[in-house]
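A.B. asks: Here you go, this is my_file-v7.txt (compact mmCIF, C-alpha atoms).
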```
# COMPACT_ATOMS: atom_id res chain seq x y z
CA MET A 1 98.18 92.66 112.49
CA SER A 2 96.13 93.79 109.51
CA THR A 3 92.82 92.35 108.39
CA ALA A 4 90.62 93.24 105.43
CA THR A 5 87.04 94.21 106.12
CA ALA A 6 84.38 91.85 104.77
CA ASP A 7 82.62 94.42 102.55
CA LEU A 8 85.67 96.38 101.41
CA ALA A 9 88.28 93.91 100.27
CA THR A 10 90.96 96.55 99.59
CA VAL A 11 90.60 98.15 103.04
CA HIS A 12 93.08 96.95 105.67
CA HIS A 13 91.99 97.73 109.21
CA VAL A 14 95.15 97.86 111.32
CA THR A 15 94.07 96.66 114.75
CA HIS A 16 97.38 96.40 116.61
CA PRO A 17 96.78 97.16 120.32
CA LEU A 18 99.56 99.77 120.46
CA ILE A 19 97.99 101.70 117.61
CA GLN A 20 94.51 101.51 119.12
CA HIS A 21 95.80 102.64 122.53
CA LYS A 22 97.61 105.66 121.09
CA LEU A 23 94.62 106.54 118.94
CA THR A 24 92.39 106.60 122.04
CA LEU A 25 94.78 109.09 123.63
CA MET A 26 94.73 111.25 120.49
CA ARG A 27 90.95 111.39 120.43
CA GLN A 28 90.76 113.04 123.87
CA LYS A 29 89.76 116.69 123.43
CA ASP A 30 92.11 117.98 126.15
CA ARG A 31 95.18 116.36 124.59
CA SER A 32 97.91 119.01 124.08
CA THR A 33 99.26 119.91 120.64
CA ASN A 34 102.66 118.51 121.59
CA SER A 35 101.18 115.23 122.78
CA PHE A 36 98.88 114.95 119.75
CA ARG A 37 101.82 115.49 117.40
CA ARG A 38 104.00 112.95 119.21
CA LEU A 39 101.28 110.30 119.23
CA LEU A 40 100.59 110.75 115.53
CA GLY A 41 104.29 110.27 114.81
CA GLU A 42 104.36 107.10 116.90
CA ILE A 43 101.26 105.69 115.20
CA SER A 44 102.67 106.45 111.76
CA MET A 45 105.81 104.47 112.57
CA LEU A 46 103.72 101.51 113.67
CA MET A 47 101.53 101.71 110.56
CA ALA A 48 104.63 101.89 108.38
CA TYR A 49 105.41 98.32 109.37
CA GLU A 50 102.02 97.18 108.03
CA VAL A 51 101.99 99.14 104.79
CA THR A 52 105.54 98.02 103.91
CA ARG A 53 105.01 94.40 104.98
CA ASP A 54 105.35 93.02 101.43
CA MET A 55 107.87 95.57 100.17
CA PRO A 56 110.18 93.82 97.70
CA THR A 57 113.78 93.16 98.70
CA SER A 58 116.94 92.23 96.85
CA LEU A 59 119.99 90.32 98.04
CA ILE A 60 123.36 91.97 98.48
CA GLU A 61 126.69 90.56 99.57
CA ILE A 62 127.88 91.72 103.00
CA GLU A 63 130.59 90.74 105.45
CA THR A 64 129.64 89.87 109.01
CA PRO A 65 132.36 89.65 111.68
CA LEU A 66 132.52 85.94 110.87
CA GLU A 67 131.95 85.47 107.13
CA THR A 68 130.54 86.76 103.86
CA MET A 69 126.84 86.22 103.15
CA MET A 70 123.98 87.26 100.88
CA SER A 71 121.36 89.24 102.83
CA PRO A 72 118.11 91.10 101.90
CA VAL A 73 117.73 94.88 101.71
CA ILE A 74 114.94 97.16 100.51
CA ASP A 75 115.52 99.96 98.05
CA GLY A 76 114.03 102.92 99.92
CA LYS A 77 114.77 105.23 97.00
CA LYS A 78 112.09 103.43 95.00
CA THR A 79 109.48 104.37 97.63
CA VAL A 80 107.74 107.75 97.58
CA PHE A 81 105.79 109.04 100.56
CA VAL A 82 103.16 111.41 99.19
CA SER A 83 101.96 113.84 101.85
CA ILE A 84 98.57 115.47 101.35
CA MET A 85 99.13 118.91 102.85
CA ARG A 86 98.87 119.98 105.52
CA ALA A 87 97.89 117.25 107.97
CA GLY A 88 99.78 114.60 106.00
CA ALA A 89 102.98 116.11 107.37
CA GLY A 90 102.14 114.59 110.75
CA PHE A 91 102.29 111.12 109.22
CA LEU A 92 105.40 111.79 107.19
CA ASP A 93 108.04 112.05 109.93
CA GLY A 94 107.14 108.72 111.50
CA MET A 95 107.18 106.95 108.14
CA LEU A 96 110.59 108.42 107.33
CA ASN A 97 111.95 107.11 110.63
CA VAL A 98 111.19 103.60 109.35
CA VAL A 99 112.12 104.12 105.66
CA PRO A 100 114.64 106.98 105.74
CA GLY A 101 115.72 106.48 102.13
CA ALA A 102 112.27 107.20 100.70
CA ARG A 103 111.65 110.14 98.40
CA ILE A 104 108.91 112.64 99.27
CA GLY A 105 106.10 114.13 97.20
CA HIS A 106 103.56 116.76 98.20
CA ILE A 107 99.99 117.42 97.10
CA GLY A 108 98.36 120.62 98.32
CA LEU A 109 94.57 120.38 98.58
CA TYR A 110 91.95 122.24 100.54
CA ARG A 111 88.31 121.36 100.98
CA ASP A 112 85.86 124.04 99.86
CA PRO A 113 83.72 124.55 103.00
CA ARG A 114 80.54 125.04 100.97
CA THR A 115 80.81 122.26 98.39
CA LEU A 116 83.27 119.95 100.24
CA VAL A 117 85.04 119.55 96.86
CA ALA A 118 88.85 119.30 96.92
CA VAL A 119 90.75 122.18 95.29
CA GLU A 120 94.41 121.66 94.31
CA TYR A 121 96.99 124.41 94.93
CA TYR A 122 100.31 122.50 94.89
CA PHE A 123 101.73 119.34 93.29
CA LYS A 124 105.37 118.20 93.34
CA MET A 125 106.66 114.65 92.82
CA PRO A 126 110.10 113.10 92.33
CA ALA A 127 111.23 112.24 88.81
CA ASP A 128 110.76 108.79 87.25
CA MET A 129 107.56 107.98 89.12
CA HIS A 130 107.00 105.02 86.80
CA GLU A 131 109.81 103.28 88.70
CA ARG A 132 108.45 104.08 92.16
CA ASP A 133 105.90 102.79 94.67
CA ALA A 134 103.77 105.62 96.10
CA ILE A 135 102.36 105.64 99.63
CA VAL A 136 99.84 108.45 100.08
CA LEU A 137 99.52 109.89 103.60
CA ASP A 138 96.56 111.77 105.10
CA PRO A 139 95.29 111.26 108.67
CA MET A 140 91.58 111.68 107.82
CA LEU A 141 89.46 110.06 105.11
CA ALA A 142 86.15 111.89 105.62
CA THR A 143 84.12 112.55 102.46
CA GLY A 144 86.97 111.00 100.49
CA ASN A 145 86.92 113.85 97.95
CA SER A 146 90.45 115.04 98.75
CA ALA A 147 91.85 111.51 98.69
CA VAL A 148 90.14 110.76 95.37
CA ALA A 149 91.46 114.00 93.85
CA ALA A 150 94.97 113.34 95.16
CA VAL A 151 95.12 109.83 93.71
CA ASP A 152 93.55 111.03 90.44
CA ARG A 153 96.42 113.49 90.11
CA LEU A 154 99.05 111.01 91.28
CA LYS A 155 97.96 108.44 88.69
CA GLU A 156 98.88 110.95 85.96
CA THR A 157 102.53 110.29 86.90
CA ASN A 158 102.11 106.51 86.36
CA PRO A 159 103.72 105.16 89.56
CA LYS A 160 104.36 101.41 89.82
CA SER A 161 101.84 101.14 92.67
CA ILE A 162 99.79 103.31 95.03
CA ARG A 163 98.69 102.73 98.62
CA PHE A 164 96.69 105.08 100.81
CA VAL A 165 97.31 105.35 104.56
CA CYS A 166 95.04 107.17 107.00
CA LEU A 167 94.36 107.26 110.71
CA LEU A 168 90.56 107.56 110.69
CA ALA A 169 87.98 106.93 107.98
CA ALA A 170 84.24 107.36 107.64
CA PRO A 171 82.28 104.62 105.83
CA GLU A 172 81.06 107.24 103.32
CA GLY A 173 84.64 108.21 102.49
CA LEU A 174 85.76 104.61 102.11
CA ARG A 175 82.90 103.89 99.71
CA ASN A 176 83.67 107.02 97.70
CA PHE A 177 87.37 106.20 97.51
CA GLN A 178 86.85 102.58 96.53
CA ALA A 179 84.27 103.51 93.89
CA ASN A 180 86.84 105.78 92.23
CA HIS A 181 90.03 103.83 92.94
CA PRO A 182 89.20 100.14 93.52
CA ASP A 183 92.80 99.24 92.67
CA VAL A 184 94.32 101.24 95.55
CA PRO A 185 94.56 99.51 98.97
CA VAL A 186 93.65 101.59 102.03
CA TYR A 187 95.34 101.13 105.41
CA VAL A 188 93.36 102.62 108.30
CA ALA A 189 93.58 102.47 112.11
CA ALA A 190 89.85 103.05 112.77
CA ILE A 191 86.61 103.18 110.78
CA ASP A 192 84.29 105.52 112.65
CA ARG A 193 80.50 105.72 112.63
CA GLN A 194 79.66 108.40 110.06
CA LEU A 195 80.07 111.98 108.85
CA ASN A 196 78.16 114.82 110.47
CA GLU A 197 76.37 117.60 108.59
CA HIS A 198 79.64 119.55 108.27
CA GLY A 199 81.54 116.64 106.73
CA TYR A 200 83.52 115.79 109.89
CA ILE A 201 84.13 112.23 111.03
CA VAL A 202 82.25 111.31 114.22
CA PRO A 203 83.12 110.43 116.89
CA GLY A 204 86.46 111.29 115.28
CA LEU A 205 89.12 113.50 116.84
CA GLY A 206 88.33 116.93 115.43
CA ASP A 207 90.34 118.70 112.73
CA ALA A 208 93.66 116.82 112.52
CA GLY A 209 95.52 119.75 110.97
CA ASP A 210 94.37 122.23 113.59
CA ARG A 211 95.20 119.87 116.43
CA LEU A 212 98.55 118.96 114.90
CA PHE A 213 99.72 122.54 114.36
CA GLY A 214 97.86 124.26 117.20
CA THR A 215 95.93 126.56 114.87
CA LYS A 216 92.64 126.32 116.73
```
Would you give me this structure, written as structure tokens?

C.D. replies:
Amino acid sequence: MSTATADLATVHHVTHPLIQHKLTLMRQKDRSTNSFRRLLGEISMLMAYEVTRDMPTSLIEIETPLETMMSPVIDGKKTVFVSIMRAGAGFLDGMLNVVPGARIGHIGLYRDPRTLVAVEYYFKMPADMHERDAIVLDPMLATGNSAVAAVDRLKETNPKSIRFVCLLAAPEGLRNFQANHPDVPVYVAAIDRQLNEHGYIVPGLGDAGDRLFGTK
């Protein structure tokens, strides 16, 4: 189930036991790259159910083995999963398993280690974004600077709606994101204690990209 936090009305804390169990396994420092990647994919599938809970449907006529009926379907082609590179790729596969017809966009950002400011190096979205619902994917919402920059850029394409999905968030990042984009709902599996002096979420799970791709 998903519940909104009392002080951040647009933040949906996804507390399903399966998600929380898998997140605990991911946090463990001795978890292998293969296991970390698999768990992130499983969590993203579970979170996809929450973020698409009120996805609009339309009725089509089908034939069952017994009779003709009108039955609901979603139009996956109107949904765009926007992956913030590179760690967003770990969320993407699981989401696509649930909504395989979705289009995919990519935003390339890196965080300047000195200023913690997000710097863009790549941006590619499907055409006709004004007809599409965008779901932005990034496992970590730390300072929030990258997420804010990504949604700033995405809003230039005028999508029908935007939602942001992350695995972990720091309170500082949530406040920063909501201050800049109060109209964008956030779906998160855990809100951790704080950021450390290097801008990492604690207790957290380390650098999601490094653990996902085995680069450290």

A.B. asks: Calculated over all atoms listed in the file, which of the candidates A:Tyr187, A:Thr215, A:Ala89, A:Asp207 has the smallest distance to A:Arg53?

C.D. replies: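 Closest to A:Arg53, using all atoms listed in the file: A:Tyr187.
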
A.B. asks: Using only C-alpha atoms, which of the listed residues (A:Gly173, A:Pro185, A:Pro159, A:Gly101) sits closest to A:Val51?

C.D. replies: A:Pro185

A.B. asks: If we count all atoms listed in the file and set the cut-off at 9 Å, which residues sit around A:Gly144, ignoring sequence neighbours fewer than 2 positions away in its own chain? Please answer as an MDAnalysis selection string.

C.D. replies: chainID A and resid 140:142 146:149 169:170 172:177

A.B. asks: Would you compute an axis-aligned box for stretch 187-194 of chain A, covering every atom listed for it in the file with 4 Å of margin on each side, and report centre and edge lengths in Å to one decimal as JSON?

C.D. replies:
```
{"center_x": 87.5, "center_y": 104.8, "center_z": 109.1, "size_x": 23.7, "size_y": 15.3, "size_z": 15.4}
```

A.B. asks: Can you work out the spacing between atom CA of A:Val11 and atom CA of A:Val186 in Å, to one decimal?

C.D. replies: 4.7 Å

A.B. asks: How would stretch 190-202 of chain A of the given structure read as a file with C-alpha atoms, as an mmCIF file, in the first residue's frame?

C.D. replies:
```cif
data_model
loop_
_atom_site.group_PDB
_atom_site.id
_atom_site.type_symbol
_atom_site.label_atom_id
_atom_site.label_comp_id
_atom_site.auth_asym_id
_atom_site.auth_seq_id
_atom_site.Cartn_x
_atom_site.Cartn_y
_atom_site.Cartn_z
ATOM 1 C CA ALA A 190 12.308 4.556 2.322
ATOM 2 C CA ILE A 191 13.018 8.006 3.766
ATOM 3 C CA ASP A 192 16.365 7.763 5.531
ATOM 4 C CA ARG A 193 17.781 9.883 8.347
ATOM 5 C CA GLN A 194 19.898 12.536 6.620
ATOM 6 C CA LEU A 195 22.752 13.384 4.263
ATOM 7 C CA ASN A 196 26.363 13.130 5.380
ATOM 8 C CA GLU A 197 29.043 15.740 4.696
ATOM 9 C CA HIS A 198 29.675 14.242 1.240
ATOM 10 C CA GLY A 199 26.030 14.424 0.192
ATOM 11 C CA TYR A 200 25.348 10.682 0.592
ATOM 12 C CA ILE A 201 22.165 9.326 2.136
ATOM 13 C CA VAL A 202 22.699 7.684 5.537
#
```
